[in-house]
file entry-v1.txt (compact mmCIF, C-alpha atoms and all ligand atoms)
# COMPACT_ATOMS: atom_id res chain seq x y z
CA MET A 12 -189.27 15.38 58.37
CA THR A 13 -189.10 19.12 58.91
CA THR A 14 -190.56 21.40 56.25
CA GLN A 15 -188.05 23.81 54.80
CA PRO A 16 -188.71 27.29 53.39
CA SER A 17 -189.64 26.72 49.75
CA GLN A 18 -186.73 28.78 48.41
CA ALA A 19 -184.10 26.99 50.53
CA PHE A 20 -181.60 25.59 48.08
CA VAL A 21 -177.86 25.02 47.87
CA SER A 22 -175.86 24.89 44.65
CA LEU A 23 -172.48 23.24 45.16
CA VAL A 24 -170.49 24.82 42.37
CA GLY A 25 -167.00 24.21 40.98
CA ALA A 26 -165.27 27.45 40.02
CA GLY A 27 -162.43 25.84 38.06
CA PRO A 28 -158.72 26.41 38.66
CA GLY A 29 -158.54 30.19 38.36
CA ASP A 30 -159.05 31.57 34.85
CA PRO A 31 -162.60 33.02 34.90
CA ASP A 32 -163.08 31.93 31.29
CA LEU A 33 -162.98 28.34 32.57
CA LEU A 34 -166.20 28.79 34.56
CA THR A 35 -169.10 26.79 33.19
CA MET A 36 -172.11 28.71 31.87
CA LYS A 37 -174.11 27.27 34.75
CA ALA A 38 -171.61 28.41 37.38
CA TYR A 39 -171.59 31.87 35.84
CA ARG A 40 -175.38 32.09 35.84
CA LEU A 41 -175.60 30.91 39.46
CA ILE A 42 -173.07 33.39 40.86
CA GLN A 43 -174.97 36.17 39.12
CA THR A 44 -178.25 35.27 40.84
CA ALA A 45 -177.27 33.80 44.24
CA ASP A 46 -178.50 35.27 47.54
CA VAL A 47 -175.44 34.03 49.43
CA VAL A 48 -172.02 32.92 48.15
CA VAL A 49 -169.88 30.86 50.51
CA TYR A 50 -166.38 30.66 49.04
CA ASP A 51 -162.82 29.71 49.87
CA ARG A 52 -159.29 30.75 49.17
CA LEU A 53 -158.91 28.88 45.89
CA VAL A 54 -161.65 30.86 44.17
CA SER A 55 -159.81 33.55 42.23
CA LYS A 56 -160.45 37.27 42.70
CA GLU A 57 -161.39 37.58 39.02
CA ILE A 58 -164.16 35.06 39.58
CA MET A 59 -165.36 36.74 42.78
CA ASP A 60 -165.58 39.98 40.77
CA LEU A 61 -168.27 38.29 38.65
CA VAL A 62 -170.53 37.58 41.64
CA THR A 63 -173.66 39.72 41.82
CA PRO A 64 -173.15 42.72 44.12
CA TYR A 65 -176.46 41.84 45.81
CA ALA A 66 -175.18 38.54 47.22
CA GLU A 67 -174.02 38.17 50.78
CA LEU A 68 -170.39 36.95 50.63
CA LEU A 69 -169.03 34.60 53.26
CA PHE A 70 -165.34 33.69 53.15
CA VAL A 71 -164.54 30.36 54.77
CA GLY A 72 -161.07 30.02 53.26
CA LYS A 73 -158.41 27.79 54.53
CA LYS A 74 -154.67 28.00 54.42
CA LEU A 75 -152.53 25.00 55.29
CA ASN A 76 -152.30 24.81 59.09
CA HIS A 77 -154.63 27.83 59.41
CA HIS A 78 -158.11 26.43 59.35
CA CYS A 79 -160.08 29.68 59.24
CA VAL A 80 -163.43 27.96 59.57
CA PRO A 81 -163.61 24.29 60.59
CA GLN A 82 -165.49 21.99 58.21
CA ASP A 83 -168.42 21.36 60.56
CA GLN A 84 -168.96 25.11 60.87
CA ILE A 85 -168.93 25.50 57.10
CA ASN A 86 -171.55 22.75 56.89
CA GLN A 87 -173.63 24.58 59.50
CA ILE A 88 -173.36 27.91 57.66
CA LEU A 89 -174.79 26.27 54.53
CA VAL A 90 -177.67 24.83 56.54
CA ASP A 91 -178.41 28.07 58.42
CA LYS A 92 -178.37 30.25 55.32
CA ALA A 93 -180.55 27.83 53.34
CA LEU A 94 -183.03 27.68 56.23
CA GLU A 95 -183.33 31.47 56.03
CA GLY A 96 -184.98 30.72 52.67
CA LYS A 97 -181.93 31.72 50.67
CA HIS A 98 -180.40 30.32 47.52
CA VAL A 99 -176.87 29.54 48.65
CA VAL A 100 -174.03 29.03 46.19
CA ARG A 101 -171.19 27.08 47.76
CA LEU A 102 -168.34 28.03 45.45
CA LYS A 103 -165.21 25.88 45.48
CA GLY A 104 -161.99 25.91 43.52
CA GLY A 105 -161.75 23.31 40.76
CA ASP A 106 -164.33 20.55 40.98
CA PRO A 107 -166.30 20.17 44.22
CA PHE A 108 -166.04 16.38 44.18
CA ILE A 109 -162.27 16.21 43.70
CA PHE A 110 -160.45 16.77 46.99
CA GLY A 111 -163.08 19.40 47.75
CA ARG A 112 -165.03 17.90 50.65
CA GLY A 113 -168.15 18.53 48.57
CA GLY A 114 -169.52 15.14 49.56
CA GLU A 115 -169.25 15.94 53.27
CA GLU A 116 -171.13 19.21 52.83
CA LEU A 117 -173.91 17.49 50.90
CA GLU A 118 -174.28 14.81 53.57
CA THR A 119 -175.09 17.55 56.09
CA LEU A 120 -177.67 19.04 53.73
CA VAL A 121 -179.30 15.62 53.33
CA GLU A 122 -179.51 15.31 57.13
CA HIS A 123 -181.42 18.60 57.19
CA ASN A 124 -183.63 17.78 54.24
CA ILE A 125 -182.30 20.72 52.22
CA PRO A 126 -182.45 20.32 48.43
CA PHE A 127 -179.27 20.85 46.42
CA GLU A 128 -177.60 20.51 43.05
CA VAL A 129 -173.97 19.91 42.07
CA VAL A 130 -172.26 21.84 39.29
CA PRO A 131 -168.96 20.30 38.24
CA GLY A 132 -165.93 22.46 37.57
CA ILE A 133 -162.65 22.00 35.76
CA THR A 134 -160.37 20.35 38.25
CA ALA A 135 -156.82 21.60 38.75
CA ALA A 136 -155.36 18.52 37.04
CA SER A 137 -157.24 19.27 33.80
CA GLY A 138 -156.79 23.03 33.92
CA CYS A 139 -153.12 23.07 34.90
CA SER A 140 -152.05 20.30 32.55
CA ALA A 141 -153.87 21.94 29.62
CA TYR A 142 -152.38 25.38 30.30
CA ALA A 143 -148.91 23.90 30.85
CA GLY A 144 -148.98 21.87 27.63
CA ILE A 145 -148.73 18.51 29.42
CA PRO A 146 -151.32 16.01 28.13
CA LEU A 147 -152.23 13.74 31.04
CA THR A 148 -152.44 10.74 28.72
CA HIS A 149 -150.70 10.17 25.40
CA ARG A 150 -150.48 6.95 23.43
CA ASP A 151 -146.68 7.00 23.51
CA HIS A 152 -146.37 7.88 27.19
CA ALA A 153 -149.24 7.10 29.54
CA GLN A 154 -152.26 4.84 29.29
CA SER A 155 -153.65 5.88 32.65
CA VAL A 156 -153.65 8.77 35.07
CA GLN A 157 -154.23 8.96 38.78
CA PHE A 158 -155.13 11.90 41.06
CA ILE A 159 -153.63 11.58 44.53
CA THR A 160 -153.79 13.75 47.62
CA GLY A 161 -150.41 14.77 48.99
CA HIS A 162 -152.10 15.85 52.18
CA LEU A 163 -150.97 12.75 54.01
CA LYS A 164 -151.63 12.10 57.63
CA PRO A 165 -148.52 11.49 59.74
CA LYS A 166 -147.74 7.75 59.88
CA ASN A 167 -148.82 7.42 63.52
CA GLN A 168 -152.25 8.94 62.77
CA GLN A 169 -153.01 6.80 59.76
CA GLN A 170 -155.77 4.30 60.01
CA GLU A 171 -155.65 1.07 58.15
CA GLY A 172 -156.33 1.53 54.46
CA GLN A 173 -155.72 5.29 54.56
CA ASP A 174 -152.08 5.29 53.61
CA ILE A 175 -151.10 5.50 49.97
CA GLN A 176 -150.32 2.27 48.12
CA TRP A 177 -147.04 3.50 46.68
CA GLN A 178 -146.26 0.25 44.85
CA SER A 179 -149.33 0.64 42.70
CA LEU A 180 -148.36 4.24 41.84
CA ALA A 181 -144.75 3.62 40.89
CA LYS A 182 -145.43 2.42 37.33
CA ASN A 183 -144.24 3.45 33.91
CA ASN A 184 -146.80 4.41 31.26
CA HIS A 185 -148.79 6.08 34.01
CA THR A 186 -149.23 9.74 34.97
CA LEU A 187 -149.46 10.79 38.61
CA VAL A 188 -151.03 14.06 39.66
CA PHE A 189 -150.53 15.10 43.27
CA TYR A 190 -152.83 17.72 44.75
CA MET A 191 -151.69 19.49 47.95
CA GLY A 192 -148.27 17.87 47.55
CA LEU A 193 -145.76 20.73 47.95
CA LYS A 194 -144.93 20.15 51.62
CA GLN A 195 -144.80 16.38 51.05
CA ALA A 196 -142.56 16.49 47.97
CA PRO A 197 -139.66 14.67 49.71
CA VAL A 198 -142.04 11.94 50.92
CA ILE A 199 -143.51 11.58 47.44
CA ARG A 200 -140.06 11.39 45.80
CA GLN A 201 -138.78 8.91 48.35
CA ASN A 202 -141.75 6.55 48.20
CA LEU A 203 -141.92 6.55 44.40
CA THR A 204 -138.21 5.87 43.95
CA GLU A 205 -138.12 3.25 46.74
CA ASN A 206 -140.91 1.45 44.94
CA GLY A 207 -139.09 1.34 41.64
CA LEU A 208 -139.74 4.58 39.74
CA SER A 209 -136.51 5.91 38.22
CA ILE A 210 -135.03 9.09 39.69
CA ASN A 211 -134.88 10.25 36.06
CA THR A 212 -138.67 10.22 35.68
CA PRO A 213 -139.76 13.66 34.45
CA CYS A 214 -141.85 15.78 36.81
CA ALA A 215 -143.41 19.22 36.83
CA ILE A 216 -144.77 21.61 39.39
CA ILE A 217 -147.46 23.96 38.11
CA GLU A 218 -147.95 26.94 40.35
CA ARG A 219 -151.14 29.08 40.18
CA GLY A 220 -152.12 27.23 37.02
CA THR A 221 -154.36 28.90 34.39
CA THR A 222 -153.82 32.36 35.92
CA ALA A 223 -151.65 35.17 34.60
CA LYS A 224 -149.17 34.21 37.35
CA GLN A 225 -148.83 30.58 36.24
CA ARG A 226 -145.30 29.14 36.57
CA VAL A 227 -144.23 25.71 35.38
CA LEU A 228 -141.10 24.19 36.93
CA THR A 229 -139.81 21.00 35.36
CA GLY A 230 -137.08 18.52 36.19
CA MET A 231 -136.60 14.93 37.18
CA LEU A 232 -137.86 13.09 40.21
CA SER A 233 -134.42 13.57 41.77
CA ASP A 234 -135.02 17.37 41.62
CA LEU A 235 -138.52 17.30 43.10
CA ASP A 236 -137.57 18.47 46.61
CA ASN A 237 -135.73 21.48 45.21
CA LEU A 238 -138.46 22.38 42.75
CA ALA A 239 -141.03 22.22 45.55
CA LYS A 240 -138.97 24.59 47.69
CA GLN A 241 -139.13 27.17 44.88
CA ALA A 242 -142.91 26.93 44.45
CA ILE A 243 -145.78 28.46 46.37
CA SER A 244 -149.33 27.26 46.93
CA PRO A 245 -151.52 26.38 45.11
CA SER A 246 -149.30 24.05 43.13
CA LEU A 247 -149.87 20.75 41.44
CA ILE A 248 -147.22 18.07 40.96
CA ILE A 249 -147.25 15.94 37.81
CA VAL A 250 -144.96 12.90 37.54
CA GLY A 251 -144.52 10.90 34.35
CA SER A 252 -142.94 10.99 30.92
CA VAL A 253 -145.82 13.12 29.54
CA VAL A 254 -143.98 16.03 31.20
CA ASN A 255 -141.38 15.78 28.41
CA LEU A 256 -143.99 16.98 25.91
CA GLN A 257 -144.16 20.37 27.62
CA GLY A 258 -141.18 21.71 25.66
CA LYS A 259 -143.05 21.10 22.40
CA LEU A 260 -146.64 21.78 23.47
CA LYS A 261 -146.23 24.84 25.69
CA TRP A 262 -148.59 27.56 24.48
CA PHE A 263 -149.86 29.62 27.43
CA GLY A 264 -147.90 32.72 28.45
CA LYS A 265 -145.42 32.23 25.61
N1 LIG B 301 -161.32 20.81 44.28
C1 LIG B 301 -160.06 21.30 43.76
C2 LIG B 301 -158.88 20.78 44.56
C3 LIG B 301 -158.84 21.27 45.99
S1 LIG B 301 -157.42 20.69 46.83
C4 LIG B 301 -159.94 20.92 42.30
O1 LIG B 301 -160.74 20.12 41.80
O2 LIG B 301 -159.02 21.43 41.63
C5 LIG B 301 -156.33 22.05 46.65
C6 LIG B 301 -155.16 21.72 45.74
O3 LIG B 301 -155.56 21.79 44.37
C7 LIG B 301 -153.99 22.65 45.83
O4 LIG B 301 -153.15 22.33 46.94
C8 LIG B 301 -153.28 22.38 44.53
O5 LIG B 301 -152.56 21.18 44.57
C9 LIG B 301 -154.45 22.17 43.59
N2 LIG B 301 -154.81 23.40 42.85
C10 LIG B 301 -155.99 24.02 42.86
N3 LIG B 301 -155.97 25.10 42.03
C11 LIG B 301 -154.73 25.14 41.50
C12 LIG B 301 -154.09 26.01 40.57
N4 LIG B 301 -154.71 27.05 40.02
N5 LIG B 301 -152.79 25.76 40.25
C13 LIG B 301 -152.15 24.71 40.79
N6 LIG B 301 -152.71 23.85 41.67
C14 LIG B 301 -153.99 24.06 42.02

call {"tool": "encode", "arguments": {"input": "entry-v1.txt", "output": "structure tokens"}}
result
Amino acid sequence: MTTQPSQAFVSLVGAGPGDPDLLTMKAYRLIQTADVVVYDRLVSKEIMDLVTPYAELLFVGKKLNHHCVPQDQINQILVDKALEGKHVVRLKGGDPFIFGRGGEELETLVEHNIPFEVVPGITAASGCSAYAGIPLTHRDHAQSVQFITGHLKPKNQQQEGQDIQWQSLAKNNHTLVFYMGLKQAPVIRQNLTENGLSINTPCAIIERGTTAKQRVLTGMLSDLDNLAKQAISPSLIIVGSVVNLQGKLKWFGK
């Protein structure tokens, strides 16, 4: 095994969904002391303002269909910077292990024998649902909750086992949270209703959740395509009768 500079270290850190007050103490401490911060588009400006001015900042952000920096290059940047003997903070929106490719980045570090730690963050589902007043579970509404990626591969590119098992999602007493689902809203609506979920099932789109610009659009599954057309990224889709509680439990931005 190769010997690495003793200071080489990577902290894979979740920055939460946007509100800087939702950073963990550990995340806050690390961004104040890092040598290098590698961050993407979902990390809010308010959080980047808290990073020490002495850190080197590397933006590797991605927009849908505009991959600024391909994943293997991001992995390489982490390796290269760590091997310069730097403490690298890899800062990601939400939680690094929830639709964040954090696992892929760590696998590369393992291959290069670079030590690391993982700092969890508040994932968009928790942050957005809390700030929208939509409890993800509730004894009268939902006994389970599922996080699903809406970033679906086109049918002809799907490998076996990679497509979503819609039948198992289309259940009552269950909350569905779709990440990256805006563009796929018609596909989501169609598959859920074809598999038995009522078109009257309540749904919400939470845009830029936990930030001063948060917007919550609500309706029924039959309205989902239209709601999605009105929303911009990043947005989260929540489907399930818990959405009905929003009228009563709304508190943020009142
Ligand atoms: N690791 C992140 C998710 C990255 S995938 C996490 O744990 O939250 C990116 C998707 O997350 C976006 O397309 C959107 O669906 C969701 N998302 C992230 N931040 C959000 C926010 N502030 N408001 C609404 N959705 C958000």

call {"tool": "residues_near_ligand", "arguments": {"input": "entry-v1.txt", "ligand": "ligand LIG 301 (chain B)", "cutoff": "8 Å", "atoms": "all atoms listed in the file", "output": "PyMOL selection string"}}
result
chain A and resi 25+27-29+53+103-112+132-136+138-139+160+189-193+217-222+225+244-248

call {"tool": "closest_residue", "arguments": {"input": "entry-v1.txt", "among": "A:Ala66, A:Ser252, A:Ala223, A:Gln195", "to": "Pro31 of chain A", "atoms": "all atoms listed in the file"}}
result
A:Ala223

call {"tool": "closest_residue", "arguments": {"input": "entry-v1.txt", "among": "A:Gly144, A:Pro81, A:Gly207, A:Pro197", "to": "Asn255 of chain A", "atoms": "all atoms listed in the file"}}
result
A:Gly144

call {"tool": "closest_residue", "arguments": {"input": "entry-v1.txt", "among": "A:Arg150, A:His162, A:Lys56, A:Lys259", "to": "Val198 of chain A", "atoms": "all atoms listed in the file"}}
result
A:His162

call {"tool": "residues_around", "arguments": {"input": "entry-v1.txt", "residues": "segment 212-216 of chain A", "least_positions_apart": "5", "cutoff": "9 Å", "atoms": "all atoms listed in the file", "output": "MDAnalysis selection string"}}
result
chainID A and resid 183 193 226:235 238:239 242 246:255

call {"tool": "decode", "arguments": {"input": "entry-v1.txt", "residues": "segment 200-211 of chain A", "atoms": "N, CA and C atoms", "output": "mmCIF file, in the first residue's frame"}}
result
data_model
loop_
_atom_site.group_PDB
_atom_site.id
_atom_site.type_symbol
_atom_site.label_atom_id
_atom_site.label_comp_id
_atom_site.auth_asym_id
_atom_site.auth_seq_id
_atom_site.Cartn_x
_atom_site.Cartn_y
_atom_site.Cartn_z
ATOM 1 N N ARG A 200 -47.035 10.116 -11.939
ATOM 2 C CA ARG A 200 -48.508 10.114 -11.819
ATOM 3 C C ARG A 200 -49.103 8.905 -12.533
ATOM 4 N N GLN A 201 -48.639 8.671 -13.748
ATOM 5 C CA GLN A 201 -49.215 7.592 -14.547
ATOM 6 C C GLN A 201 -48.975 6.219 -13.897
ATOM 7 N N ASN A 202 -47.758 5.976 -13.482
ATOM 8 C CA ASN A 202 -47.449 4.663 -12.900
ATOM 9 C C ASN A 202 -48.167 4.433 -11.579
ATOM 10 N N LEU A 203 -48.269 5.490 -10.762
ATOM 11 C CA LEU A 203 -48.955 5.308 -9.472
ATOM 12 C C LEU A 203 -50.439 5.042 -9.683
ATOM 13 N N THR A 204 -51.062 5.795 -10.591
ATOM 14 C CA THR A 204 -52.514 5.612 -10.785
ATOM 15 C C THR A 204 -52.787 4.288 -11.514
ATOM 16 N N GLU A 205 -51.939 3.923 -12.464
ATOM 17 C CA GLU A 205 -52.141 2.633 -13.153
ATOM 18 C C GLU A 205 -52.016 1.454 -12.189
ATOM 19 N N ASN A 206 -51.259 1.669 -11.117
ATOM 20 C CA ASN A 206 -51.076 0.581 -10.162
ATOM 21 C C ASN A 206 -52.020 0.677 -8.969
ATOM 22 N N GLY A 207 -53.015 1.548 -9.094
ATOM 23 C CA GLY A 207 -54.100 1.501 -8.110
ATOM 24 C C GLY A 207 -54.213 2.667 -7.153
ATOM 25 N N LEU A 208 -53.287 3.629 -7.206
ATOM 26 C CA LEU A 208 -53.424 4.777 -6.290
ATOM 27 C C LEU A 208 -54.465 5.736 -6.879
ATOM 28 N N SER A 209 -55.355 6.231 -6.038
ATOM 29 C CA SER A 209 -56.444 7.087 -6.527
ATOM 30 C C SER A 209 -55.893 8.401 -7.091
ATOM 31 N N ILE A 210 -56.545 8.907 -8.134
ATOM 32 C CA ILE A 210 -56.128 10.212 -8.676
ATOM 33 C C ILE A 210 -56.420 11.325 -7.676
ATOM 34 N N ASN A 211 -57.207 11.004 -6.644
ATOM 35 C CA ASN A 211 -57.505 12.003 -5.603
ATOM 36 C C ASN A 211 -56.512 11.975 -4.439
#
